[in-house]
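See below for model_17.cif, which holds mmCIF, C-alpha atoms.
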data_run
loop_
_atom_site.label_atom_id
_atom_site.label_comp_id
_atom_site.auth_asym_id
_atom_site.auth_seq_id
_atom_site.Cartn_x
_atom_site.Cartn_y
_atom_site.Cartn_z
CA MET A 200 0.00 0.00 0.00
CA SER A 201 1.28 3.44 -0.86
CA THR A 202 1.81 6.19 1.68
CA LYS A 203 -0.90 8.25 -0.01
CA ASP A 204 -3.45 5.43 0.14
CA TYR A 205 -2.56 4.73 3.75
CA LEU A 206 -3.13 8.34 4.81
CA GLU A 207 -6.43 8.61 2.93
CA LYS A 208 -8.00 5.33 4.12
CA ASP A 209 -10.29 5.73 7.12
CA TYR A 210 -10.34 2.35 8.84
CA TYR A 211 -12.79 3.60 11.45
CA LYS A 212 -15.26 4.47 8.71
CA VAL A 213 -14.74 1.06 7.07
CA LEU A 214 -15.77 -0.69 10.31
CA GLY A 215 -18.46 1.89 11.12
CA VAL A 216 -17.06 2.84 14.53
CA SER A 217 -15.87 6.06 16.12
CA LYS A 218 -12.21 6.94 16.68
CA THR A 219 -12.73 6.43 20.43
CA ALA A 220 -14.31 2.98 20.01
CA SER A 221 -13.22 0.31 22.46
CA GLN A 222 -11.64 -2.96 21.35
CA ASP A 223 -14.91 -4.76 22.11
CA GLU A 224 -16.87 -2.34 19.89
CA ILE A 225 -14.33 -2.79 17.08
CA LYS A 226 -14.49 -6.59 17.43
CA GLN A 227 -18.31 -6.67 17.42
CA SER A 228 -18.54 -4.44 14.36
CA TYR A 229 -15.93 -6.53 12.54
CA ARG A 230 -17.73 -9.81 13.24
CA LYS A 231 -21.04 -8.40 12.01
CA LEU A 232 -19.57 -6.97 8.80
CA ALA A 233 -17.34 -9.99 8.12
CA ARG A 234 -20.27 -12.39 8.36
CA ALA A 235 -22.39 -10.24 6.02
CA ASN A 236 -19.64 -9.88 3.41
CA HIS A 237 -17.89 -13.25 3.66
CA PRO A 238 -17.18 -14.80 0.21
CA ASP A 239 -18.90 -18.05 1.25
CA ALA A 240 -22.13 -16.12 1.93
CA ASN A 241 -21.90 -14.06 -1.28
CA LYS A 242 -20.66 -16.48 -3.90
CA GLY A 243 -19.99 -14.81 -7.26
CA ASP A 244 -20.23 -11.27 -5.86
CA PRO A 245 -16.88 -9.50 -6.43
CA LYS A 246 -18.05 -6.37 -4.57
CA SER A 247 -18.66 -8.34 -1.39
CA GLU A 248 -15.27 -10.03 -1.74
CA GLU A 249 -13.53 -6.65 -2.09
CA ARG A 250 -15.53 -5.29 0.83
CA PHE A 251 -14.51 -8.32 2.92
CA LYS A 252 -10.83 -7.61 2.19
CA GLU A 253 -11.26 -3.93 3.22
CA ILE A 254 -12.96 -4.98 6.46
CA SER A 255 -10.19 -7.49 7.26
CA GLU A 256 -7.47 -4.93 6.49
CA ALA A 257 -9.11 -2.36 8.77
CA TYR A 258 -9.54 -4.88 11.59
CA ASN A 259 -5.93 -6.07 11.32
CA VAL A 260 -4.79 -2.53 12.13
CA LEU A 261 -7.40 -1.38 14.66
CA SER A 262 -7.49 -4.62 16.66
CA ASP A 263 -3.78 -4.31 17.47
CA GLU A 264 -3.17 -1.59 20.07
CA LYS A 265 0.35 -0.80 18.81
CA ARG A 266 -0.61 -0.67 15.13
CA ARG A 267 -3.72 1.35 15.93
CA LYS A 268 -1.63 3.95 17.79
CA GLU A 269 0.82 4.18 14.88
CA TYR A 270 -2.09 4.62 12.48
CA ASP A 271 -3.71 7.32 14.64
CA ASP A 272 -0.38 9.15 15.09
CA ALA A 273 0.31 9.16 11.36
CA ARG A 274 -3.14 10.46 10.46
CA SER A 275 -3.20 13.08 13.18
CA LEU A 276 0.12 14.38 11.87
CA PHE A 277 -1.71 15.41 8.69
CA GLY A 278 -4.99 16.32 10.28
CA GLY A 279 -6.59 13.05 9.25
CA SER A 280 -6.11 13.51 5.52
CA TYR A 281 -3.47 13.92 2.82
CA ARG A 282 -3.36 17.16 0.85
CA PRO A 283 -0.32 17.62 -1.37
CA GLY A 284 0.55 21.08 -2.50
CA GLY A 285 3.54 22.39 -0.62
CA GLY A 286 7.05 21.51 0.41
CA THR A 287 6.39 21.83 4.12
CA GLY A 288 3.76 20.24 6.28
CA PRO A 289 2.02 21.39 9.46
CA GLY A 290 4.29 23.32 11.77
CA GLY A 291 6.79 24.23 9.01
CA PHE A 292 8.73 20.94 8.80
CA ASP A 293 9.94 19.40 5.57
CA LEU A 294 7.86 16.40 4.45
CA GLY A 295 10.85 14.97 2.63
CA ASP A 296 12.44 14.33 6.00
CA LEU A 297 9.39 12.45 7.22
CA PHE A 298 9.24 10.09 4.29
CA GLY A 299 13.00 9.61 4.18
CA GLN A 300 13.11 10.52 0.48
CA PRO A 301 15.48 12.70 -1.56
CA GLY A 302 14.53 16.33 -1.45
CA GLY A 303 14.52 16.58 2.33
CA THR A 304 17.20 18.01 4.53
CA GLY A 305 18.92 14.78 5.33
CA GLY A 306 16.31 12.47 6.83
CA THR A 307 16.30 13.84 10.37
CA ALA A 308 13.54 12.84 12.74
CA GLY A 309 10.27 14.73 12.38
CA PRO A 310 8.07 15.98 15.22
CA ALA A 311 6.19 12.71 15.68
CA GLY A 312 8.19 11.48 18.66
CA GLY A 313 11.43 11.08 16.68
CA GLU A 314 10.02 8.55 14.16
CA ARG A 315 9.85 8.86 10.40
CA LEU A 316 6.46 8.28 8.89
CA SER A 317 7.97 5.61 6.67
CA ASP A 318 8.92 3.73 9.85
CA LEU A 319 5.33 3.90 11.00
CA PHE A 320 4.07 2.54 7.71
CA GLY A 321 6.66 -0.21 7.80
CA GLY A 322 5.39 -1.32 11.19
CA LEU A 323 1.82 -1.41 10.01
CA PHE A 324 2.33 -3.21 6.74
CA GLY A 325 5.08 -5.69 7.46
CA GLY A 326 8.05 -3.56 6.47
CA ARG A 327 6.71 -2.54 3.05
CA GLY A 328 7.17 1.18 3.56
CA ARG A 329 9.92 1.38 0.92
CA THR A 330 9.96 -1.74 -1.17
CA ALA A 331 6.62 -3.22 -2.19
CA THR A 332 8.08 -6.60 -3.01
CA ARG A 333 9.30 -7.39 0.49
CA SER A 334 7.68 -10.21 2.42
CA ARG A 335 4.38 -9.49 4.11
CA ARG A 336 2.64 -11.26 6.96
CA GLY A 337 -0.65 -12.95 6.12
CA ALA A 338 -3.92 -11.57 7.43
CA ASP A 339 -5.54 -12.80 10.63
CA ILE A 340 -8.76 -14.80 10.25
CA GLU A 341 -11.61 -15.12 12.73
CA THR A 342 -14.13 -17.95 12.87
CA GLU A 343 -16.50 -19.59 15.36
CA THR A 344 -17.11 -23.10 16.65
CA ARG A 345 -19.60 -24.81 18.95
CA LEU A 346 -18.45 -27.32 21.57
CA THR A 347 -20.22 -29.64 23.94
CA PHE A 348 -19.59 -29.09 27.62
CA ALA A 349 -17.34 -32.16 27.75
CA GLU A 350 -15.31 -31.06 24.71
CA ALA A 351 -14.74 -27.63 26.24
CA ALA A 352 -13.63 -29.17 29.53
CA THR A 353 -11.16 -31.72 28.12
CA GLY A 354 -10.16 -30.24 24.74
CA VAL A 355 -10.94 -31.36 21.21
CA THR A 356 -9.50 -31.27 17.67
CA ARG A 357 -11.71 -29.40 15.22
CA SER A 358 -11.77 -29.01 11.42
CA PHE A 359 -12.15 -25.48 10.06
CA LYS A 360 -12.97 -24.50 6.49
CA LEU A 361 -11.29 -21.16 5.87
CA SER A 362 -11.41 -18.69 2.99
CA SER A 363 -8.59 -16.15 2.67
CA ASP A 364 -6.46 -14.23 0.21
CA ALA A 365 -3.64 -16.41 -1.16
CA ALA A 366 -1.43 -17.01 -4.17
CA CYS A 367 -3.35 -17.87 -7.32
CA PRO A 368 -3.52 -21.69 -7.53
CA THR A 369 -3.10 -21.66 -11.34
CA CYS A 370 0.03 -19.54 -11.68
CA LYS A 371 1.36 -20.08 -8.12
CA GLY A 372 1.47 -16.33 -7.54
CA THR A 373 3.52 -15.30 -10.59
CA GLY A 374 0.54 -13.80 -12.43
CA ALA A 375 1.81 -15.27 -15.72
CA LYS A 376 0.10 -17.78 -17.97
CA ALA A 377 1.40 -21.36 -17.89
CA GLY A 378 4.58 -21.72 -19.93
CA THR A 379 5.48 -18.04 -19.57
CA ALA A 380 7.20 -15.99 -16.90
CA PRO A 381 7.02 -12.35 -15.75
CA ARG A 382 9.89 -10.00 -16.53
CA VAL A 383 11.54 -7.32 -14.42
CA CYS A 384 9.71 -4.02 -14.72
CA PRO A 385 11.78 -1.67 -16.90
CA LYS A 386 10.27 1.45 -15.29
CA CYS A 387 11.21 0.76 -11.65
CA ALA A 388 13.99 -1.79 -12.32
CA GLY A 389 12.19 -4.32 -10.12
CA THR A 390 11.98 -2.18 -6.97
CA GLY A 391 8.19 -1.92 -7.18
CA HIS A 392 8.11 1.82 -6.48
CA GLU A 393 8.93 5.13 -8.06
CA ASN A 394 9.45 8.62 -6.70
CA GLN A 395 7.12 11.43 -7.65
CA ASN A 396 7.68 15.13 -7.14
CA LEU A 397 4.54 16.60 -5.59
CA GLY A 398 4.65 20.31 -4.90
CA GLY A 399 8.30 20.44 -3.99
CA PHE A 400 8.75 17.18 -2.12
CA SER A 401 9.40 13.63 -3.24
CA LEU A 402 6.88 10.90 -2.45
CA SER A 403 7.38 7.18 -3.01
CA GLU A 404 4.46 5.51 -4.81
CA PRO A 405 3.94 2.01 -6.19
CA CYS A 406 5.17 1.82 -9.75
CA GLY A 407 2.37 2.57 -12.20
CA GLU A 408 3.74 0.09 -14.71
CA CYS A 409 3.90 -3.01 -12.49
CA ARG A 410 1.55 -1.82 -9.70
CA GLY A 411 4.19 -2.31 -7.05
CA ARG A 412 5.09 -5.91 -7.88
CA GLY A 413 8.43 -5.16 -9.52
CA LEU A 414 7.46 -7.54 -12.34
CA VAL A 415 5.54 -7.12 -15.59
CA VAL A 416 3.32 -9.86 -16.96
CA ASP A 417 3.02 -9.87 -20.74
CA ASP A 418 0.76 -12.93 -20.97
CA PRO A 419 -1.46 -12.87 -17.85
CA CYS A 420 -2.87 -15.89 -16.07
CA PRO A 421 -6.54 -16.36 -17.07
CA THR A 422 -7.55 -17.19 -13.52
CA CYS A 423 -6.23 -14.12 -11.68
CA ASN A 424 -5.83 -11.79 -14.70
CA GLY A 425 -2.17 -11.29 -13.87
CA SER A 426 -2.56 -10.20 -10.23
CA GLY A 427 -1.04 -13.40 -8.86
CA ARG A 428 -3.60 -13.44 -6.06
CA GLY A 429 -6.79 -15.37 -5.51
CA THR A 430 -9.14 -16.66 -2.83
CA SER A 431 -8.03 -19.84 -1.13
CA THR A 432 -10.46 -22.22 0.55
CA ARG A 433 -8.79 -24.79 2.75
CA THR A 434 -9.62 -27.08 5.63
CA ILE A 435 -7.29 -27.23 8.62
CA GLN A 436 -7.16 -29.30 11.79
CA ALA A 437 -6.68 -27.29 14.98
CA ARG A 438 -6.60 -28.29 18.64
CA ILE A 439 -8.94 -26.41 21.00
CA PRO A 440 -7.37 -26.68 24.47
CA GLY A 441 -9.34 -27.95 27.45
CA GLY A 442 -10.78 -25.51 29.98
CA VAL A 443 -12.17 -22.96 27.51
CA SER A 444 -15.26 -20.96 28.46
CA ASP A 445 -18.28 -19.83 26.49
CA GLY A 446 -17.47 -16.73 24.43
CA GLN A 447 -13.70 -17.12 24.80
CA ARG A 448 -11.52 -16.07 21.84
CA ILE A 449 -8.61 -18.42 21.20
CA ARG A 450 -5.56 -17.53 19.14
CA LEU A 451 -4.04 -20.27 16.98
CA LYS A 452 -0.70 -18.92 15.81
CA GLY A 453 0.22 -19.35 12.14
CA LYS A 454 -3.17 -20.82 11.15
CA GLY A 455 -4.41 -17.69 9.36
CA ALA A 456 -3.99 -16.48 5.78
CA PRO A 457 -0.68 -17.33 4.02
CA GLY A 458 1.91 -14.55 3.80
CA GLU A 459 3.11 -12.86 0.61
CA HIS A 460 6.61 -13.20 -0.84
CA GLY A 461 7.64 -15.71 1.79
CA GLY A 462 6.16 -13.81 4.72
CA PRO A 463 4.76 -15.68 7.74
CA ALA A 464 1.12 -16.73 7.89
CA GLY A 465 -1.35 -14.78 9.99
CA ASP A 466 -3.16 -16.13 13.03
CA LEU A 467 -6.53 -17.82 13.36
CA TYR A 468 -8.85 -16.57 16.10
CA VAL A 469 -11.61 -18.96 17.14
CA VAL A 470 -14.59 -17.73 19.17
CA VAL A 471 -15.89 -20.65 21.23
CA HIS A 472 -19.55 -21.24 22.05
CA VAL A 473 -20.08 -23.90 24.74
CA GLN A 474 -23.36 -25.78 25.17
CA ALA A 475 -24.77 -25.90 28.68
CA HIS A 476 -24.73 -29.24 30.54
CA PRO A 477 -27.85 -30.52 32.35
CA VAL A 478 -25.86 -31.62 35.41
CA PHE A 479 -22.44 -30.00 35.52
CA GLY A 480 -21.43 -26.36 35.75
CA LYS A 481 -18.08 -24.57 35.66
CA SER A 482 -16.24 -22.35 38.12
CA GLY A 483 -12.82 -21.38 36.79
CA ASP A 484 -10.87 -24.61 36.25
CA ASN A 485 -13.27 -26.52 38.50
CA LEU A 486 -16.47 -28.33 37.62
CA THR A 487 -19.53 -28.02 39.85
CA ILE A 488 -22.42 -30.38 40.61
CA THR A 489 -25.35 -30.28 43.02
CA VAL A 490 -26.21 -33.66 44.63
CA PRO A 491 -29.49 -34.24 46.53
CA VAL A 492 -29.28 -36.07 49.86
CA THR A 493 -32.03 -37.22 52.23
CA PHE A 494 -32.61 -35.68 55.64
CA PRO A 495 -31.37 -38.81 57.47
CA GLU A 496 -28.20 -38.84 55.31
CA ALA A 497 -27.47 -35.21 56.20
CA VAL A 498 -28.15 -35.80 59.91
CA LEU A 499 -26.60 -39.23 60.40
CA GLY A 500 -23.95 -39.11 57.67
CA ALA A 501 -23.61 -41.28 54.56
CA GLU A 502 -21.50 -42.24 51.58
CA VAL A 503 -23.05 -41.12 48.28
CA ARG A 504 -22.08 -41.90 44.68
CA VAL A 505 -21.42 -38.79 42.57
CA PRO A 506 -21.12 -38.86 38.74
CA THR A 507 -18.11 -37.27 37.04
CA LEU A 508 -17.73 -35.85 33.55
CA ASN A 509 -15.74 -38.85 32.31
CA GLY A 510 -18.57 -41.19 33.36
CA LEU A 511 -16.80 -42.93 36.27
CA PRO A 512 -18.57 -42.11 39.57
CA VAL A 513 -16.75 -41.30 42.80
CA THR A 514 -17.86 -41.87 46.39
CA VAL A 515 -18.16 -38.81 48.62
CA LYS A 516 -18.39 -39.22 52.40
CA ILE A 517 -21.03 -36.98 53.98
CA PRO A 518 -20.24 -36.49 57.69
CA PRO A 519 -23.05 -36.45 60.31
CA GLY A 520 -24.72 -33.07 60.76
CA THR A 521 -23.95 -31.80 57.27
CA PRO A 522 -25.97 -28.60 56.60
CA ASN A 523 -27.82 -27.93 53.36
CA GLY A 524 -25.57 -26.23 50.76
CA ARG A 525 -22.22 -27.49 52.06
CA THR A 526 -19.63 -28.05 49.31
CA PHE A 527 -17.10 -30.89 49.15
CA ARG A 528 -14.03 -30.96 46.91
CA VAL A 529 -13.03 -34.00 44.83
CA ARG A 530 -9.45 -33.50 43.63
CA GLY A 531 -8.54 -33.94 39.97
CA LYS A 532 -12.05 -34.42 38.59
CA GLY A 533 -12.50 -30.97 37.05
CA SER A 534 -11.65 -29.49 33.63
CA THR A 535 -8.22 -29.46 32.03
CA ARG A 536 -5.99 -26.47 32.75
CA ARG A 537 -3.65 -24.83 30.25
CA ASP A 538 -0.62 -26.46 31.86
CA GLY A 539 -2.14 -29.93 31.37
CA THR A 540 -3.17 -30.45 34.99
CA THR A 541 -6.78 -30.97 36.02
CA GLY A 542 -9.05 -28.90 38.24
CA ASP A 543 -11.38 -30.23 40.92
CA LEU A 544 -15.03 -31.28 41.14
CA LEU A 545 -17.01 -29.19 43.65
CA VAL A 546 -19.92 -31.20 45.06
CA THR A 547 -22.68 -29.20 46.78
CA VAL A 548 -25.24 -31.17 48.80
CA GLU A 549 -28.90 -30.22 48.74
CA VAL A 550 -31.22 -31.74 51.34
CA SER A 551 -34.21 -33.21 49.54
CA VAL A 552 -37.60 -32.66 51.19
CA PRO A 553 -40.16 -35.39 50.33
CA GLN A 554 -43.46 -34.16 48.90
CA SER A 555 -45.49 -37.06 50.34
CA LEU A 556 -45.02 -39.45 53.26
CA SER A 557 -46.29 -42.89 54.13
CA GLY A 558 -48.08 -43.35 57.42
CA GLU A 559 -45.10 -45.08 58.95
CA ALA A 560 -42.72 -42.32 57.85
CA ARG A 561 -45.04 -39.60 59.16
CA GLU A 562 -45.33 -41.37 62.52
CA ALA A 563 -41.55 -41.63 62.74
CA LEU A 564 -41.17 -37.91 62.02
CA GLU A 565 -43.77 -37.00 64.60
CA LYS A 566 -41.80 -38.97 67.20
CA PHE A 567 -38.61 -37.20 66.05
CA ARG A 568 -40.29 -33.80 66.41
CA ALA A 569 -41.47 -34.64 69.89
CA ALA A 570 -38.03 -35.88 70.87
CA THR A 571 -36.39 -32.65 69.70
CA ALA A 572 -39.05 -30.19 70.89
CA ASP A 573 -36.55 -28.48 73.20
CA GLN A 574 -34.31 -27.62 70.25
CA ASP A 575 -35.37 -24.36 68.60
CA PRO A 576 -33.14 -23.40 65.63
CA ARG A 577 -34.78 -19.94 65.55
CA SER A 578 -33.94 -19.12 69.13
CA GLY A 579 -32.71 -15.55 69.43
CA LEU A 580 -33.50 -14.72 65.79
CA GLU A 581 -35.98 -11.93 66.59
CA ALA A 582 -33.60 -10.39 69.08
CA ARG A 583 -30.78 -10.39 66.57
CA ALA A 584 -33.10 -8.88 63.99
CA LYS A 585 -33.81 -5.97 66.39
CA GLY A 586 -30.08 -5.54 67.03
CA VAL A 587 -30.39 -6.45 70.71
#
Can you give me the file's structure in the form of structure tokens?
Amino acid sequence: MSTKDYLEKDYYKVLGVSKTASQDEIKQSYRKLARANHPDANKGDPKSEERFKEISEAYNVLSDEKRRKEYDDARSLFGGSYRPGGGTGPGGFDLGDLFGQPGGTGGTAGPAGGERLSDLFGGLFGGRGRTATRSRRGADIETETRLTFAEAATGVTRSFKLSSDAACPTCKGTGAKAGTAPRVCPKCAGTGHENQNLGGFSLSEPCGECRGRGLVVDDPCPTCNGSGRGTSTRTIQARIPGGVSDGQRIRLKGKGAPGEHGGPAGDLYVVVHVQAHPVFGKSGDNLTITVPVTFPEAVLGAEVRVPTLNGLPVTVKIPPGTPNGRTFRVRGKGSTRRDGTTGDLLVTVEVSVPQSLSGEAREALEKFRAATADQDPRSGLEARAKGV
């Protein structure tokens, strides 16, 4: 991307957010727009495909705090827009110095914290500030997946079908028809850029002859029309670690779009949606379960069988006099942690009150009530309520 294009593109406008938008607002807007303009949902619509690329490009910059700051600093330096027409920019400094091009006063640091603007652009676009043919990191991709409660707790390998920008499969990225090869651009001598004199200062732009590639294609590939780029659809296998929570965003390094000119691949971000379980819940790295016990079991004590997520029950000893709502810990029966260890199972007992009684059971309870008539669990409650 040229310096001029970079300064004129409003990534906030592309995503439909304000300049003060939070990272969550940027992420939500990106997800909504990406789903609406995804190539898989708009097959055969080149406008949607181009729009999808613009949305991804904007998100790649604004979702990264460092790159977003560099972008904001560069645009604020020019008042948010690019207006050629003079040799000096705001504040009376020479723009040739900022871009590090001939025509300046020697390439000294400008007023933007001692950094050249070309350095800022290089940070944002993978070091392409000066030579368009340098390697470039692939774009990040975001997708979603649904997991069962058990899969989220223990981890699972998932298949993902991804669509991203990649080298043309027909010409392998050369842009030339089979049996032919591109030649070095005679205008820029293969550098991919040329200098233009705009109002007294020199500005580096992608070469108009080769469009920044450094190569000229005389007999273009019929698939990509000589661009060397296309849309790649591929299926990858990726491991979702155990212990993930509903709504969590997981980064899978190097699983995103392929890089250009030998650059590294981008990352894949997977938003996880976890189905609720009818019995188990989750508290951090621990699983939770509520187990009903009878009144005699709570009073006299008992050993109760408790199910676990892997299907093998454990026996929990309930001591005499256990109150309703008490929680017991079973070590190592929870969800998997990031370090490979396992959390615990938290068992909460709930005293079950029968809805109907047999005559014999009622008679036994009446005798129990009579035998414990001198025990009043509400003794002193009213006094405490009055603060006495």
- Residue nearest Gln222 (chain A) - candidates A:Leu261, A:Val546, A:Val513, A:Ala497, atoms counted: only C-alpha atoms: A:Leu261
Suppose a student applies the PyMOL selection byres ((chain A and resi 468) around 6) to this structure; what residues should they get, written as a CSV table (one decimal) with C-alpha atoms, in the coordinates of the input?
chain,number,residue,atom,x,y,z
A,341,GLU,CA,-11.6,-15.1,12.7
A,449,ILE,CA,-8.6,-18.4,21.2
A,450,ARG,CA,-5.6,-17.5,19.1
A,467,LEU,CA,-6.5,-17.8,13.4
A,469,VAL,CA,-11.6,-19.0,17.1
- Check what the PyMOL selection byres ((chain A and resi 227) around 12) selects in the file above and give those residues as a VMD selection string. chain A and resid 214 to 216 220 to 226 228 to 234 258 262 341 470
- Item | the PyMOL selection byres ((chain A and resi 359-364) around 12) resolved against shown file, as a PyMOL selection string | chain A and resi 233+237-240+242+248-249+251-253+255-256+336-345+356-358+365-368+372+423+426-439+451+454-459+464-469
- Do a neighbour search on region 481-495 of chain A at 7 Å with all atoms listed in the file, toss out local chain neighbours closer than 3 positions, and write the hits as a PyMOL selection string. chain A and resi 442+478+498-499+533-536+542-551
- Item | Between CA of Gly500 (chain A) and CA of Lys516 (chain A) - distance in Å to one decimal |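 Value for the CA of Lys516 (chain A)-CA of Gly500 (chain A) distance: 7.7 Å.
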- So what do you get for CA of Asp418 (chain A) versus CA of Pro385 (chain A), distance-wise?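 Computing it gives 16.3 Å between the two atoms.
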- Nearby residues (only C-alpha atoms) at most 8 Å from Val503 (chain A), same-chain spacing under 5 positions excluded, as an MDAnalysis selection string: chainID A and resid 514:517
